[in-house]
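Student: I'd like to ask you about the structure that follows.
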Amino acid sequence: MMKNALFLFCLTILGVVLFAACDKMDSTYRGFIVKDGVTYPGKATSPMVAPGRNRVRINWLRGTDPSVTHATIFWNNYADSLAVMIPASGDTVTALIGNLPEKSYSFEIVTYDEDGNPSVPVELLALVYGGQYEANLLNRPVVSSLTDVSGDVTVVWGSVDVSNGAFATDVTYVDTLGDSVTQRIAAESDTSWLTGYAAGTSFRFRTAFLPDSASIDTFYTTYEQHAAYRAVNTAGWVASADSYTSPYVPGNVIDGNPNSFWNSEYKTNPPPFPHWWQADMGNTYPVSIVELTCRQDYLLGFDFTIQGSMDGVNWTNYDTYTLLPQKASQRFMVTGAPVMRFIRIYQTNPSLIVVPSCFAELTVYQ
């Protein structure tokens with residue numbers, strides 16, 4: 001009997017505790033879900049925010065609650081808001097908020113029924129971009145832009161700032177018909193071709209950025225101008241050198257054949273470095289780029305200085321470079337594009353401990 005009484009007492013206490021807990025939970029539920037006996041309307045479903053230039057676009061699914069008639073989007077701690085009417089048809093609700101300073105935002109979407117009952121707020125975080133972001137964007141550099149014999153220009157591009165959102169570069173040039181042509185070069189491409197390029201003109205380019213994959217606006221660097229360098233025709237050039245070994249004569253360097261080459265004297269009393277190779281170009285040219293190609297079957301490199309002259313007697317030293325022992329042609333920019341009639345490759349410090357010097361081809365771009 002005592003055990004039964006104790007059991008009934010414990011059961012009574014447990015019932016009181018459970019009732020109190022349920023009453024507390026129901027009170028909490030009523031505080032968040034029920035207002036004056038009316039259930040909150042359906043909240044914004046699957047919301048998304050897309051940033052842009054001093055603006056954002058916010059989308060969400062209309063949902064299945066037919067009582068929802070309008071919504072309000074709040075930001076800046078509810079100091080600013082935008083009222084949005086819910087369309088009678090369609091699956092998606094869209095709102096565009098503009099005139100936003102560049103910074104991070106917290107947006108809250110609250111939907112309402114026709115009686116003004118609010119839903120549970122839905123929060124979205126976004127970073128709005130503007131002039132500060134755009135001012136720090138870097139244009140993709142041009143490594144080289146050379147005109148071939150057909151008049152087309154090959155542009156080799158440097159690395160692009162993909163980590164900051166770069167995805168393409170726009171290039172605009174004038175073709176031989178006088179028309180303006182624009183190409184979009186993907187960030188993944190490192191070479192582009194400007195066909196039908198009008199000789200003597202320059203092209204301009206800018207890089208396009210999307211700061212976020214969902215961005216509704218594209219940002220751009222400022223346009224840069226760039227010249228397209230044209231190879232100087234070597235017909236009629238007269239080549240010479242400090243020495244040579246037949247049949248590897250100085251003229252082989254300007255014959256357009258990378259398998260022929262000039263080699264300094266190496267059989268009888270070969271002279272030591274420095275060595276030089278030079279050419280009378282016949283006319284004066286502004287020299288912007290010099291391209292050299294090593295002898296292909298025996299790779300030798302050297303340090304050298306580009307020298308220029310108007311009379312072939314008095315020489316001016318320009319930049320100093322290193323030709324690496326590799327098969328691919330190597331291009332060297334000449335600071336200031338000096339005007340010269342005679343050009344000389346004045347060579348010092350060979351890459352290997354050998355006395356002779358050699359290289360296969362030279363091209364001058366103006």
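FYI, nothing fancy with the structure tokens labels: chains A, B, ... in order, residues from 1 per chain, ligands from 1 as they appear.
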Which neighbours of Tyr78 (chain A) fall inside 10 Å, counting only C-alpha atoms, when residues of the same chain fewer than 6 positions from it are skipped, and could you give them as a PyMOL selection string?
Tutor: chain A and resi 106-108
Student: Determine which residues of region 165-206 of chain A DSSP labels as strand (DSSP E or B) from the backbone of this structure, then write them out as a ChimeraX atom specification.
Tutor: /A:166-175,180-186,191-194,197,202-206
Student: Would you mind listing what lies within 10 Å of region 193-200 of chain A as a list in words, with only C-alpha atoms counted and same-chain residues fewer than 4 positions away left out?
Tutor: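 In the requested form, the answer reads Ser145, Leu146, Thr147, Ser150, Gly151, Asp152, Val153, Thr154, Val155, Val156, Val171, Thr172, Tyr173, Val174, Asp175, Thr176, Leu177, Gly178, Asp179, Val181, Thr182, Gln183, Ile185, Ala227, Ala228, Tyr229 and Arg230 of chain A.
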Student: Name the residues of region 166-254 of chain A that fall into helix (DSSP H, G or I) according to DSSP on the backbone, using the chain letters and numbers of this document, as a list in words.
Tutor: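 The residues of region 166-254 of chain A classed as helix (DSSP H, G or I) are Pro250, Gly251, Asn252, Val253 and Ile254 of chain A.
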Student: Restricting the calculation to only C-alpha atoms: of A:Asn314, A:Asn99, A:Asn54, A:Asn77, which residue gets closest to Gln132 (chain A)?
Tutor: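 Closest candidate: A:Asn54.
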Student: Need to verify the contact set: Ala50 (chain A), 7 Å, only C-alpha atoms, exclusion of same-chain residues closer than 3 positions in sequence. Can you return it as a ChimeraX atom specification?
Tutor: /A:56-58,214-216
Student: Please save N, CA and C atoms of the selected residues as a short mmCIF file (atom, residue, chain, number, x, y, z; two decimals), in the first residue's frame.
Tutor:
```
data_model
loop_
_atom_site.label_atom_id
_atom_site.label_comp_id
_atom_site.auth_asym_id
_atom_site.auth_seq_id
_atom_site.Cartn_x
_atom_site.Cartn_y
_atom_site.Cartn_z
N VAL A 56 21.92 46.70 -54.90
CA VAL A 56 21.75 45.25 -54.79
C VAL A 56 20.42 44.87 -55.41
N ARG A 57 20.35 43.63 -55.84
CA ARG A 57 19.09 43.04 -56.28
C ARG A 57 18.77 41.89 -55.35
N ILE A 58 17.55 41.89 -54.79
CA ILE A 58 17.12 40.85 -53.86
C ILE A 58 15.96 40.09 -54.49
N ALA A 214 27.81 36.57 -58.52
CA ALA A 214 26.41 36.95 -58.74
C ALA A 214 26.24 38.43 -59.03
N SER A 215 27.34 39.15 -59.19
CA SER A 215 27.27 40.61 -59.36
C SER A 215 26.40 40.99 -60.56
N ILE A 216 25.57 42.02 -60.37
CA ILE A 216 24.71 42.49 -61.46
C ILE A 216 25.38 43.59 -62.27
#
```
Student: Quick one: everything within 6 Å of region 359-362 of chain A, counting only C-alpha atoms, minus sequence neighbours fewer than 6 positions away in the same chain. Send it as a ChimeraX atom specification.
Tutor: /A:253-254,258,260-262,291-295
Student: Produce a file of the selected residues containing N, CA and C atoms, as a PDB file, in the first residue's frame.
Tutor:
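Output saved as selection.pdb:
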```pdb
ATOM      1  N   VAL A 253      72.059  36.179 -90.141  1.00  0.00           N
ATOM      2  CA  VAL A 253      71.204  36.620 -89.034  1.00  0.00           C
ATOM      3  C   VAL A 253      69.942  37.317 -89.546  1.00  0.00           C
ATOM      4  N   ILE A 254      69.940  37.808 -90.766  1.00  0.00           N
ATOM      5  CA  ILE A 254      68.788  38.549 -91.287  1.00  0.00           C
ATOM      6  C   ILE A 254      68.205  37.873 -92.536  1.00  0.00           C
ATOM      7  N   PRO A 258      65.946  30.422 -89.197  1.00  0.00           N
ATOM      8  CA  PRO A 258      66.551  30.185 -87.881  1.00  0.00           C
ATOM      9  C   PRO A 258      67.569  29.056 -87.862  1.00  0.00           C
ATOM     10  N   SER A 260      70.034  28.819 -90.049  1.00  0.00           N
ATOM     11  CA  SER A 260      71.344  29.370 -90.410  1.00  0.00           C
ATOM     12  C   SER A 260      71.731  30.363 -89.325  1.00  0.00           C
ATOM     13  N   PHE A 261      73.004  30.684 -89.227  1.00  0.00           N
ATOM     14  CA  PHE A 261      73.438  31.511 -88.105  1.00  0.00           C
ATOM     15  C   PHE A 261      74.774  32.165 -88.421  1.00  0.00           C
ATOM     16  N   TRP A 262      75.080  33.184 -87.631  1.00  0.00           N
ATOM     17  CA  TRP A 262      76.404  33.801 -87.640  1.00  0.00           C
ATOM     18  C   TRP A 262      77.197  33.211 -86.486  1.00  0.00           C
ATOM     19  N   GLU A 291      64.389  41.489 -81.343  1.00  0.00           N
ATOM     20  CA  GLU A 291      64.146  40.067 -81.111  1.00  0.00           C
ATOM     21  C   GLU A 291      65.352  39.267 -81.589  1.00  0.00           C
ATOM     22  N   LEU A 292      65.877  38.413 -80.714  1.00  0.00           N
ATOM     23  CA  LEU A 292      67.039  37.582 -81.038  1.00  0.00           C
ATOM     24  C   LEU A 292      66.674  36.109 -80.899  1.00  0.00           C
ATOM     25  N   THR A 293      67.279  35.291 -81.761  1.00  0.00           N
ATOM     26  CA  THR A 293      67.089  33.847 -81.697  1.00  0.00           C
ATOM     27  C   THR A 293      68.451  33.180 -81.634  1.00  0.00           C
ATOM     28  N   CYS A 294      68.628  32.293 -80.663  1.00  0.00           N
ATOM     29  CA  CYS A 294      69.898  31.576 -80.520  1.00  0.00           C
ATOM     30  C   CYS A 294      70.114  30.607 -81.683  1.00  0.00           C
ATOM     31  N   ARG A 295      71.369  30.269 -81.890  1.00  0.00           N
ATOM     32  CA  ARG A 295      71.695  29.170 -82.790  1.00  0.00           C
ATOM     33  C   ARG A 295      70.969  27.925 -82.282  1.00  0.00           C
TER      34      ARG A 295
END
```
Student: Which residues are near Thr69 (chain A)? Cut-off 7 Å, only C-alpha atoms, ignore same chain within fewer than 3 positions. Put them as a PyMOL selection string.
Tutor: chain A and resi 85-86+112-114
Student: From the options A:Ala95, A:Ala208, A:Ala187, A:Leu137, which residue's atoms come nearest to Thr72 (chain A), counting only C-alpha atoms?
Tutor: A:Ala95
Student: Skipping near chain neighbours, those fewer than 5 positions away, what residues fall within 9 Å of Thr316 (chain A) using only C-alpha atoms, listed as a PyMOL selection string?
Tutor: chain A and resi 306-309
Student: Can you write just those residues out, N, CA and C atoms, as a PDB file, in the first residue's frame?
Tutor:
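As a result, out13.pdb now contains:
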```pdb
ATOM      1  N   ILE A 306      72.540  46.922 -76.505  1.00  0.00           N
ATOM      2  CA  ILE A 306      72.088  47.411 -77.804  1.00  0.00           C
ATOM      3  C   ILE A 306      72.700  48.790 -78.014  1.00  0.00           C
ATOM      4  N   GLN A 307      73.392  48.936 -79.139  1.00  0.00           N
ATOM      5  CA  GLN A 307      74.008  50.213 -79.490  1.00  0.00           C
ATOM      6  C   GLN A 307      73.372  50.732 -80.778  1.00  0.00           C
ATOM      7  N   GLY A 308      73.278  52.042 -80.885  1.00  0.00           N
ATOM      8  CA  GLY A 308      72.726  52.666 -82.071  1.00  0.00           C
ATOM      9  C   GLY A 308      73.631  53.752 -82.593  1.00  0.00           C
ATOM     10  N   SER A 309      73.538  53.997 -83.904  1.00  0.00           N
ATOM     11  CA  SER A 309      74.390  55.004 -84.524  1.00  0.00           C
ATOM     12  C   SER A 309      73.696  55.558 -85.763  1.00  0.00           C
TER      13      SER A 309
END
```
Student: Considering only C-alpha atoms, state which residue in the set A:Ser288, A:Thr245, A:Ser119, A:Gln366 is at the smallest distance from Asp319 (chain A).
Tutor: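 Residue with the minimum atom-to-atom distance to Asp319 (chain A): A:Ser288.
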Student: Just checking: using only C-alpha atoms, which residue out of A:Pro286, A:Gly130, A:Gly116, A:Gly301 ends up closest to Gln347 (chain A)?
Tutor: A:Gly301
Student: With only C-alpha atoms as the atoms that count, which of A:Ala241, A:Val149, A:Leu61, A:Val290 lies nearest to Pro87 (chain A)?
Tutor: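 Of A:Ala241, A:Val149, A:Leu61, A:Val290, the one nearest Pro87 (chain A), counting only C-alpha atoms, is A:Leu61.
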Student: Quick one, how far is CA of Asp148 (chain A) from CA of Val160 (chain A)?
Tutor: 25.2 Å
